[in-house]
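Colleague: final24.pdb is reproduced in full below (PDB, C-alpha atoms).
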ATOM      1  CA  MET I 560       0.000   0.000   0.000  1.00  0.00           C
ATOM      2  CA  ILE I 561       1.281   3.457  -0.903  1.00  0.00           C
ATOM      3  CA  GLN I 562       1.872   5.847   1.988  1.00  0.00           C
ATOM      4  CA  ALA I 563       1.163   9.550   1.808  1.00  0.00           C
ATOM      5  CA  GLN I 564       1.230  12.592   4.049  1.00  0.00           C
ATOM      6  CA  PHE I 565      -1.825  14.763   4.725  1.00  0.00           C
ATOM      7  CA  LEU I 566      -1.008  18.438   4.131  1.00  0.00           C
ATOM      8  CA  LYS I 567      -4.225  20.447   4.715  1.00  0.00           C
ATOM      9  CA  GLU I 568      -6.098  20.379   1.369  1.00  0.00           C
ATOM     10  CA  ARG I 569      -3.772  18.047  -0.483  1.00  0.00           C
ATOM     11  CA  VAL I 570      -1.937  14.793   0.007  1.00  0.00           C
ATOM     12  CA  VAL I 571       1.619  13.978  -1.095  1.00  0.00           C
ATOM     13  CA  THR I 572       2.748  10.395  -1.613  1.00  0.00           C
ATOM     14  CA  GLU I 573       6.061   8.804  -0.808  1.00  0.00           C
ATOM     15  CA  ASN I 574       8.695   8.688  -3.538  1.00  0.00           C
ATOM     16  CA  SER I 575       8.099   5.161  -4.830  1.00  0.00           C
ATOM     17  CA  ASN I 576       7.501   3.265  -8.055  1.00  0.00           C
ATOM     18  CA  ASP I 577       3.992   2.352  -6.866  1.00  0.00           C
ATOM     19  CA  ALA I 578       3.150   6.021  -6.321  1.00  0.00           C
ATOM     20  CA  ARG I 579       4.452   6.961  -9.766  1.00  0.00           C
ATOM     21  CA  ASP I 580       2.461   4.067 -11.260  1.00  0.00           C
ATOM     22  CA  LEU I 581      -0.696   5.668  -9.823  1.00  0.00           C
ATOM     23  CA  TYR I 582       0.116   8.724 -11.881  1.00  0.00           C
ATOM     24  CA  ASN I 583       1.421   6.970 -15.005  1.00  0.00           C
ATOM     25  CA  GLN I 584      -1.351   4.388 -15.307  1.00  0.00           C
ATOM     26  CA  GLY I 585      -4.386   6.178 -13.882  1.00  0.00           C
ATOM     27  CA  ARG I 586      -3.328   9.814 -14.027  1.00  0.00           C
ATOM     28  CA  PHE I 587      -4.056  10.325 -10.352  1.00  0.00           C
ATOM     29  CA  GLY I 588      -2.648  13.610  -9.092  1.00  0.00           C
ATOM     30  CA  THR I 589       0.334  15.560 -10.367  1.00  0.00           C
ATOM     31  CA  LEU I 590       3.843  14.167 -10.630  1.00  0.00           C
ATOM     32  CA  LEU I 591       6.285  16.331  -8.666  1.00  0.00           C
ATOM     33  CA  LYS I 592       9.945  16.889  -9.554  1.00  0.00           C
ATOM     34  CA  ASP I 593      11.106  14.868  -6.544  1.00  0.00           C
ATOM     35  CA  GLY I 594       9.252  11.752  -7.776  1.00  0.00           C
ATOM     36  CA  LYS I 595       6.361  12.109  -5.358  1.00  0.00           C
ATOM     37  CA  VAL I 596       2.745  12.505  -6.455  1.00  0.00           C
ATOM     38  CA  GLN I 597       0.536  15.317  -5.189  1.00  0.00           C
ATOM     39  CA  LEU I 598      -3.099  14.227  -4.923  1.00  0.00           C
ATOM     40  CA  SER I 599      -6.214  16.260  -4.380  1.00  0.00           C
ATOM     41  CA  LEU I 600      -8.119  15.451  -1.221  1.00  0.00           C
ATOM     42  CA  LEU I 601     -10.876  13.898  -3.354  1.00  0.00           C
ATOM     43  CA  GLU I 602      -8.405  11.591  -5.126  1.00  0.00           C
ATOM     44  CA  ALA I 603      -6.915  10.604  -1.766  1.00  0.00           C
ATOM     45  CA  VAL I 604     -10.357   9.797  -0.327  1.00  0.00           C
ATOM     46  CA  TYR I 605     -11.072   7.597  -3.352  1.00  0.00           C
ATOM     47  CA  LEU I 606      -7.719   5.784  -3.145  1.00  0.00           C
ATOM     48  CA  VAL I 607      -8.125   5.193   0.610  1.00  0.00           C
ATOM     49  CA  ASP I 608     -11.595   3.763  -0.098  1.00  0.00           C
ATOM     50  CA  LYS I 609     -10.003   1.429  -2.684  1.00  0.00           C
ATOM     51  CA  GLU I 610      -7.307   0.454  -0.154  1.00  0.00           C
ATOM     52  CA  LYS I 611      -4.498   1.589  -2.468  1.00  0.00           C
ATOM     53  CA  LEU I 612      -3.366   4.468  -0.268  1.00  0.00           C
ATOM     54  CA  GLN I 613      -2.697   5.057   3.410  1.00  0.00           C
ATOM     55  CA  VAL I 614      -2.739   8.707   4.444  1.00  0.00           C
ATOM     56  CA  LEU I 615      -0.777   9.657   7.547  1.00  0.00           C
ATOM     57  CA  ASP I 616      -1.259  12.713   9.733  1.00  0.00           C
ATOM     58  CA  GLY I 617       1.591  14.859  11.082  1.00  0.00           C
ATOM     59  CA  ARG I 618       2.304  12.308  13.844  1.00  0.00           C
ATOM     60  CA  GLY I 619       2.501   9.336  11.472  1.00  0.00           C
ATOM     61  CA  LYS I 620      -0.932   7.972  12.423  1.00  0.00           C
ATOM     62  CA  ALA I 621      -3.174   6.592   9.658  1.00  0.00           C
ATOM     63  CA  ILE I 622      -6.253   8.650   8.791  1.00  0.00           C
ATOM     64  CA  GLU I 623      -9.214   6.344   8.153  1.00  0.00           C
ATOM     65  CA  PHE I 624     -11.666   6.845   5.260  1.00  0.00           C
ATOM     66  CA  ASP I 625     -14.418   8.503   7.335  1.00  0.00           C
ATOM     67  CA  ALA I 626     -12.003  10.947   8.981  1.00  0.00           C
ATOM     68  CA  LEU I 627     -10.411  11.848   5.648  1.00  0.00           C
ATOM     69  CA  LEU I 628     -13.839  12.369   4.108  1.00  0.00           C
ATOM     70  CA  ARG I 629     -14.786  14.678   7.011  1.00  0.00           C
ATOM     71  CA  LYS I 630     -11.614  16.706   6.386  1.00  0.00           C
ATOM     72  CA  HIS I 631     -12.615  16.994   2.724  1.00  0.00           C
ATOM     73  CA  GLN I 632     -16.153  18.038   3.689  1.00  0.00           C
ATOM     74  CA  LYS I 633     -14.742  20.938   5.725  1.00  0.00           C
ATOM     75  CA  SER I 634     -13.239  22.459   2.590  1.00  0.00           C
ATOM     76  CA  GLU I 635     -15.899  21.343   0.099  1.00  0.00           C
ATOM     77  CA  LYS I 636     -19.612  21.728   0.858  1.00  0.00           C
ATOM     78  CA  ASN I 637     -20.660  19.311  -1.901  1.00  0.00           C
ATOM     79  CA  ALA I 638     -17.963  16.758  -1.020  1.00  0.00           C
ATOM     80  CA  TRP I 639     -20.118  13.628  -0.716  1.00  0.00           C
ATOM     81  CA  VAL I 640     -21.981  14.208  -3.997  1.00  0.00           C
ATOM     82  CA  ARG I 641     -18.692  14.983  -5.765  1.00  0.00           C
ATOM     83  CA  PHE I 642     -17.137  11.839  -4.272  1.00  0.00           C
ATOM     84  CA  CYS I 643     -20.034   9.647  -5.461  1.00  0.00           C
ATOM     85  CA  VAL I 644     -19.746  10.975  -9.023  1.00  0.00           C
ATOM     86  CA  PHE I 645     -15.930  10.798  -9.034  1.00  0.00           C
ATOM     87  CA  LYS I 646     -15.990   7.222  -7.688  1.00  0.00           C
ATOM     88  CA  ASP I 647     -18.602   6.079 -10.211  1.00  0.00           C
ATOM     89  CA  LEU I 648     -16.642   7.503 -13.154  1.00  0.00           C
ATOM     90  CA  ARG I 649     -13.295   6.168 -11.915  1.00  0.00           C
ATOM     91  CA  ASP I 650     -14.791   2.736 -11.248  1.00  0.00           C
ATOM     92  CA  ARG I 651     -16.027   2.729 -14.862  1.00  0.00           C
ATOM     93  CA  GLY I 652     -12.477   3.323 -16.112  1.00  0.00           C
ATOM     94  CA  TYR I 653     -12.581   7.038 -16.910  1.00  0.00           C
ATOM     95  CA  ILE I 654      -9.845   9.500 -16.012  1.00  0.00           C
ATOM     96  CA  VAL I 655     -11.323  12.370 -14.017  1.00  0.00           C
ATOM     97  CA  LYS I 656      -9.488  15.641 -13.465  1.00  0.00           C
ATOM     98  CA  THR I 657     -10.503  18.998 -12.022  1.00  0.00           C
ATOM     99  CA  ALA I 658     -12.196  21.482 -14.351  1.00  0.00           C
ATOM    100  CA  MET I 659     -12.115  24.648 -12.265  1.00  0.00           C
ATOM    101  CA  LYS I 660     -10.608  26.684 -15.083  1.00  0.00           C
ATOM    102  CA  PHE I 661     -13.559  25.605 -17.247  1.00  0.00           C
ATOM    103  CA  GLY I 662     -16.087  26.581 -14.593  1.00  0.00           C
ATOM    104  CA  ALA I 663     -17.081  22.969 -13.903  1.00  0.00           C
ATOM    105  CA  ASP I 664     -16.290  20.404 -11.216  1.00  0.00           C
ATOM    106  CA  PHE I 665     -14.615  17.778 -13.399  1.00  0.00           C
ATOM    107  CA  ARG I 666     -13.401  17.111 -16.892  1.00  0.00           C
ATOM    108  CA  VAL I 667     -13.601  13.505 -17.991  1.00  0.00           C
ATOM    109  CA  TYR I 668     -11.542  11.765 -20.644  1.00  0.00           C
ATOM    110  CA  ASP I 669     -12.971   8.987 -22.780  1.00  0.00           C
ATOM    111  CA  ARG I 670     -11.759   5.501 -21.876  1.00  0.00           C
ATOM    112  CA  GLY I 671      -8.219   4.869 -23.070  1.00  0.00           C
ATOM    113  CA  VAL I 672      -7.430   8.594 -23.438  1.00  0.00           C
ATOM    114  CA  LYS I 673      -4.983  10.251 -21.057  1.00  0.00           C
ATOM    115  CA  PRO I 674      -4.662  13.981 -20.406  1.00  0.00           C
ATOM    116  CA  GLY I 675      -2.136  15.420 -22.826  1.00  0.00           C
ATOM    117  CA  GLU I 676      -2.913  12.823 -25.498  1.00  0.00           C
ATOM    118  CA  ASP I 677      -6.273  14.350 -26.372  1.00  0.00           C
ATOM    119  CA  HIS I 678      -8.874  16.684 -24.908  1.00  0.00           C
ATOM    120  CA  ALA I 679     -11.486  15.739 -22.333  1.00  0.00           C
ATOM    121  CA  LYS I 680     -14.815  14.705 -23.817  1.00  0.00           C
ATOM    122  CA  TRP I 681     -17.066  15.972 -20.999  1.00  0.00           C
ATOM    123  CA  VAL I 682     -17.316  18.582 -18.284  1.00  0.00           C
ATOM    124  CA  VAL I 683     -19.199  17.187 -15.303  1.00  0.00           C
ATOM    125  CA  PHE I 684     -21.397  18.849 -12.719  1.00  0.00           C
ATOM    126  CA  PRO I 685     -22.313  16.612  -9.737  1.00  0.00           C
ATOM    127  CA  VAL I 686     -25.855  17.304  -8.512  1.00  0.00           C
ATOM    128  CA  GLN I 687     -27.912  15.897  -5.640  1.00  0.00           C
ATOM    129  CA  GLU I 688     -31.180  14.430  -6.950  1.00  0.00           C
ATOM    130  CA  THR I 689     -33.232  16.480  -4.492  1.00  0.00           C
ATOM    131  CA  SER I 690     -31.657  19.798  -5.520  1.00  0.00           C
ATOM    132  CA  SER I 691     -33.029  21.941  -8.310  1.00  0.00           C
ATOM    133  CA  LEU I 692     -31.522  23.874 -11.176  1.00  0.00           C
ATOM    134  CA  THR I 693     -33.087  26.914 -12.782  1.00  0.00           C
ATOM    135  CA  TRP I 694     -33.147  27.117 -16.562  1.00  0.00           C
ATOM    136  CA  TYR I 695     -30.620  29.948 -16.233  1.00  0.00           C
ATOM    137  CA  GLU I 696     -28.218  27.714 -14.237  1.00  0.00           C
ATOM    138  CA  PHE I 697     -28.723  24.835 -16.664  1.00  0.00           C
ATOM    139  CA  SER I 698     -28.101  27.109 -19.638  1.00  0.00           C
ATOM    140  CA  ALA I 699     -24.949  28.495 -18.011  1.00  0.00           C
ATOM    141  CA  LYS I 700     -23.591  24.963 -17.498  1.00  0.00           C
ATOM    142  CA  ASN I 701     -24.410  24.070 -21.092  1.00  0.00           C
ATOM    143  CA  ARG I 702     -22.640  27.226 -22.333  1.00  0.00           C
ATOM    144  CA  VAL I 703     -19.517  26.295 -20.338  1.00  0.00           C
ATOM    145  CA  ALA I 704     -19.453  22.891 -22.015  1.00  0.00           C
ATOM    146  CA  HIS I 705     -20.153  24.307 -25.471  1.00  0.00           C
ATOM    147  CA  SER I 706     -17.543  27.079 -25.196  1.00  0.00           C
ATOM    148  CA  THR I 707     -14.871  24.554 -24.147  1.00  0.00           C
ATOM    149  CA  LYS I 708     -15.875  22.156 -26.969  1.00  0.00           C
ATOM    150  CA  LYS I 709     -16.957  19.501 -24.518  1.00  0.00           C
ATOM    151  CA  ARG I 710     -20.230  17.797 -23.735  1.00  0.00           C
ATOM    152  CA  LEU I 711     -22.165  18.579 -20.566  1.00  0.00           C
ATOM    153  CA  LEU I 712     -22.594  15.646 -18.219  1.00  0.00           C
ATOM    154  CA  LEU I 713     -24.764  15.978 -15.117  1.00  0.00           C
ATOM    155  CA  GLY I 714     -23.935  13.352 -12.496  1.00  0.00           C
ATOM    156  CA  ILE I 715     -27.123  12.996 -10.459  1.00  0.00           C
ATOM    157  CA  VAL I 716     -26.759  11.294  -7.070  1.00  0.00           C
ATOM    158  CA  ASP I 717     -29.922   9.788  -5.559  1.00  0.00           C
ATOM    159  CA  GLU I 718     -30.730   9.028  -1.922  1.00  0.00           C
ATOM    160  CA  GLU I 719     -29.084   5.572  -2.170  1.00  0.00           C
ATOM    161  CA  ASN I 720     -25.892   7.248  -3.495  1.00  0.00           C
ATOM    162  CA  ASP I 721     -26.394   5.716  -6.955  1.00  0.00           C
ATOM    163  CA  VAL I 722     -25.337   7.948  -9.825  1.00  0.00           C
ATOM    164  CA  SER I 723     -27.209   8.540 -13.073  1.00  0.00           C
ATOM    165  CA  PHE I 724     -25.628  10.545 -15.865  1.00  0.00           C
ATOM    166  CA  TRP I 725     -27.436  12.884 -18.219  1.00  0.00           C
ATOM    167  CA  GLU I 726     -25.568  14.240 -21.223  1.00  0.00           C
ATOM    168  CA  THR I 727     -26.707  17.356 -23.024  1.00  0.00           C
ATOM    169  CA  ARG I 728     -25.285  19.353 -25.896  1.00  0.00           C
ATOM    170  CA  TRP I 729     -26.172  22.137 -28.274  1.00  0.00           C
ATOM    171  CA  ILE I 730     -27.544  21.066 -31.620  1.00  0.00           C
ATOM    172  CA  ARG I 731     -28.594  22.966 -34.686  1.00  0.00           C
ATOM    173  CA  PRO I 732     -31.928  21.801 -36.066  1.00  0.00           C
TER     174      PRO I 732
END
Kindly return the structure encoded in the file as structure tokens.

Modeller:
Amino acid sequence: MIQAQFLKERVVTENSNDARDLYNQGRFGTLLKDGKVQLSLLEAVYLVDKEKLQVLDGRGKAIEFDALLRKHQKSEKNAWVRFCVFKDLRDRGYIVKTAMKFGADFRVYDRGVKPGEDHAKWVVFPVQETSSLTWYEFSAKNRVAHSTKKRLLLGIVDEENDVSFWETRWIRP
């Protein structure tokens, strides 16, 4: 199991071949110059859930999944919904990266495509099933996707934490 250090809103792995394989094979995190991999808190929560990563606090004590998720929820109000969507996409074999610069939560690459080889196919907005979107909000999300030449994917999380995906795009009749 790969070990990593918790550093507030990010996690940095040990310098090991296994850690670099996480990056090279699954494009988790960002490869640092010293051979370590910097992960987002969301990626770390996912990898702890999959038992591929052990995150240690400042005293060298392991942080369990629930505690790490609570830390993520302190910095991200929609953390559980985002985690459910991220986990579902990753479990299906997609590479999921942040899309903050696009005004979305995630950008998702088609299966077999790695960032840098081609562009992401979708921008994803995780949404709780019980929440609502105005037409204005929906249109704004669709414009973000269209302007970045990507498709809009809404990841809708129900009360059982199952995720359904709805894809929309602009068309010309």

Colleague: Taking every listed atom of region 666-674 of chain I and adding 5 Å to each side, what centre and edge lengths in Å (one decimal) does the axis-aligned box have, as AutoDock Vina command-line options?

Modeller:
--center_x -9.1 --center_y 11.0 --center_z -20.2 --size_x 18.9 --size_y 22.2 --size_z 16.5

Colleague: Taking the file as shown, what set of residues would the PyMOL selection byres ((chain I and resi 691-700) around 12) give back, as a VMD selection string?

Modeller: chain I and resid 661 to 664 681 to 690 701 to 707 709 to 713 715 726 to 729

Colleague: Between CA of Val655 (chain I) and CA of Ala603 (chain I), what is the distance, to one decimal in Å?

Modeller: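 Result for CA of Val655 (chain I) versus CA of Ala603 (chain I): 13.1 Å, one decimal.
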
Colleague: Got a sec: who's within 12 Å of Lys633 (chain I), counting all atoms listed in the file, leaving out chain neighbours fewer than 6 positions off, as a VMD selection string?

Modeller: chain I and resid 567 to 568 600 626 to 627 639

Colleague: In file coordinates, which residues lie within 12 Å of (-16.8, 17.9, 4.6) using all atoms listed in the file, given as a list in words?

Modeller: Glu568, Leu600, Leu601, Val604, Asp625, Ala626, Leu627, Leu628, Arg629, Lys630, His631, Gln632, Lys633, Ser634, Glu635, Lys636, Asn637, Ala638, Trp639, Val640, Arg641 and Phe642 of chain I

Colleague: Would you please work out which residue, of I:Arg579, I:Lys656, I:Arg670, I:Lys620, is nearest to Lys592 (chain I) when using all atoms listed in the file?

Modeller: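 Of all the options, I:Arg579 lies closest to Lys592 (chain I).
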
Colleague: Once the PyMOL selection byres ((chain I and resi 578) around 12) is applied to the coordinates I shared, what remains selected? I want it as a PyMOL selection string.

Modeller: chain I and resi 560-563+570-577+579-591+593-598+603+606+611-613

Colleague: Determine the nearest neighbour of Glu623 (chain I) from the options I:Ser599, I:Ile730, I:Phe565, I:Lys660, counting all atoms listed in the file.

Modeller: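 So, comparing all the options, the nearest one is I:Phe565.
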
Colleague: Let me know the residues the PyMOL selection byres ((chain I and resi 679) around 8) catches in the file above, as a list of chain:residue names.

Modeller: I:Arg666, I:Val667, I:Tyr668, I:Asp669, I:Pro674, I:Asp677, I:His678, I:Lys680, I:Trp681, I:Val682, I:Lys709

Colleague: With only C-alpha atoms as the basis for distance, which of I:Phe665, I:Pro732, I:Gly714, I:Gln564 is at the shortest distance from Ala621 (chain I)?

Modeller: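 Once distances to Ala621 (chain I) are computed over only C-alpha atoms, the minimum belongs to I:Gln564.
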
Colleague: So, with all atoms listed in the file as the atoms that count, which of I:Asn720, I:Val607, I:Leu615, I:Gly671 lies closest to Asp647 (chain I)?

Modeller: I:Asn720

Colleague: As an exercise, work out the distance from CA of Trp725 (chain I) to CA of Tyr605 (chain I) in Å and give it to one decimal place.

Modeller: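 Going from CA of Trp725 (chain I) over to CA of Tyr605 (chain I), I get 22.7 Å.
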
Colleague: How many Å lie between CA of Lys646 (chain I) and CA of Asp717 (chain I), rounded to one decimal?

Modeller: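 CA of Asp717 (chain I) lies 14.3 Å from CA of Lys646 (chain I).
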
Colleague: Kindly output region 576-595 of chain I as a PDB file, in the frame of the given file, after building N, CA and C atoms.

Modeller:
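The resulting part.pdb:
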ATOM      1  N   ASN I 576       7.982   3.692  -6.745  1.00  0.00           N
ATOM      2  CA  ASN I 576       7.501   3.265  -8.055  1.00  0.00           C
ATOM      3  C   ASN I 576       5.987   3.085  -8.050  1.00  0.00           C
ATOM      4  N   ASP I 577       5.437   2.547  -6.958  1.00  0.00           N
ATOM      5  CA  ASP I 577       3.992   2.352  -6.866  1.00  0.00           C
ATOM      6  C   ASP I 577       3.244   3.688  -6.947  1.00  0.00           C
ATOM      7  N   ALA I 578       3.778   4.699  -6.288  1.00  0.00           N
ATOM      8  CA  ALA I 578       3.150   6.021  -6.321  1.00  0.00           C
ATOM      9  C   ALA I 578       3.201   6.594  -7.739  1.00  0.00           C
ATOM     10  N   ARG I 579       4.336   6.464  -8.389  1.00  0.00           N
ATOM     11  CA  ARG I 579       4.452   6.961  -9.766  1.00  0.00           C
ATOM     12  C   ARG I 579       3.568   6.167 -10.725  1.00  0.00           C
ATOM     13  N   ASP I 580       3.370   4.869 -10.439  1.00  0.00           N
ATOM     14  CA  ASP I 580       2.461   4.067 -11.260  1.00  0.00           C
ATOM     15  C   ASP I 580       1.021   4.578 -11.160  1.00  0.00           C
ATOM     16  N   LEU I 581       0.631   5.057  -9.974  1.00  0.00           N
ATOM     17  CA  LEU I 581      -0.696   5.668  -9.823  1.00  0.00           C
ATOM     18  C   LEU I 581      -0.871   6.797 -10.827  1.00  0.00           C
ATOM     19  N   TYR I 582       0.169   7.608 -10.936  1.00  0.00           N
ATOM     20  CA  TYR I 582       0.116   8.724 -11.881  1.00  0.00           C
ATOM     21  C   TYR I 582       0.199   8.220 -13.322  1.00  0.00           C
ATOM     22  N   ASN I 583       1.184   7.398 -13.627  1.00  0.00           N
ATOM     23  CA  ASN I 583       1.421   6.970 -15.005  1.00  0.00           C
ATOM     24  C   ASN I 583       0.278   6.147 -15.588  1.00  0.00           C
ATOM     25  N   GLN I 584      -0.309   5.275 -14.789  1.00  0.00           N
ATOM     26  CA  GLN I 584      -1.351   4.388 -15.307  1.00  0.00           C
ATOM     27  C   GLN I 584      -2.749   4.989 -15.194  1.00  0.00           C
ATOM     28  N   GLY I 585      -3.037   5.665 -14.089  1.00  0.00           N
ATOM     29  CA  GLY I 585      -4.386   6.178 -13.882  1.00  0.00           C
ATOM     30  C   GLY I 585      -4.504   7.679 -13.887  1.00  0.00           C
ATOM     31  N   ARG I 586      -3.375   8.352 -14.042  1.00  0.00           N
ATOM     32  CA  ARG I 586      -3.328   9.814 -14.027  1.00  0.00           C
ATOM     33  C   ARG I 586      -3.929  10.411 -12.757  1.00  0.00           C
ATOM     34  N   PHE I 587      -3.670   9.744 -11.635  1.00  0.00           N
ATOM     35  CA  PHE I 587      -4.056  10.325 -10.352  1.00  0.00           C
ATOM     36  C   PHE I 587      -3.040  11.386  -9.989  1.00  0.00           C
ATOM     37  N   GLY I 588      -3.513  12.558  -9.599  1.00  0.00           N
ATOM     38  CA  GLY I 588      -2.648  13.610  -9.092  1.00  0.00           C
ATOM     39  C   GLY I 588      -1.741  14.241 -10.112  1.00  0.00           C
ATOM     40  N   THR I 589      -0.675  14.868  -9.574  1.00  0.00           N
ATOM     41  CA  THR I 589       0.334  15.560 -10.367  1.00  0.00           C
ATOM     42  C   THR I 589       1.695  15.029  -9.948  1.00  0.00           C
ATOM     43  N   LEU I 590       2.497  14.669 -10.911  1.00  0.00           N
ATOM     44  CA  LEU I 590       3.843  14.167 -10.630  1.00  0.00           C
ATOM     45  C   LEU I 590       4.747  15.341 -10.284  1.00  0.00           C
ATOM     46  N   LEU I 591       5.381  15.263  -9.120  1.00  0.00           N
ATOM     47  CA  LEU I 591       6.285  16.331  -8.666  1.00  0.00           C
ATOM     48  C   LEU I 591       7.713  16.027  -9.103  1.00  0.00           C
ATOM     49  N   LYS I 592       8.558  17.040  -9.105  1.00  0.00           N
ATOM     50  CA  LYS I 592       9.945  16.889  -9.554  1.00  0.00           C
ATOM     51  C   LYS I 592      10.739  15.902  -8.702  1.00  0.00           C
ATOM     52  N   ASP I 593      10.361  15.769  -7.431  1.00  0.00           N
ATOM     53  CA  ASP I 593      11.106  14.868  -6.544  1.00  0.00           C
ATOM     54  C   ASP I 593      10.616  13.414  -6.622  1.00  0.00           C
ATOM     55  N   GLY I 594       9.732  13.115  -7.590  1.00  0.00           N
ATOM     56  CA  GLY I 594       9.252  11.752  -7.776  1.00  0.00           C
ATOM     57  C   GLY I 594       8.015  11.403  -6.964  1.00  0.00           C
ATOM     58  N   LYS I 595       7.579  12.325  -6.126  1.00  0.00           N
ATOM     59  CA  LYS I 595       6.361  12.109  -5.358  1.00  0.00           C
ATOM     60  C   LYS I 595       5.156  12.522  -6.204  1.00  0.00           C
TER      61      LYS I 595
END
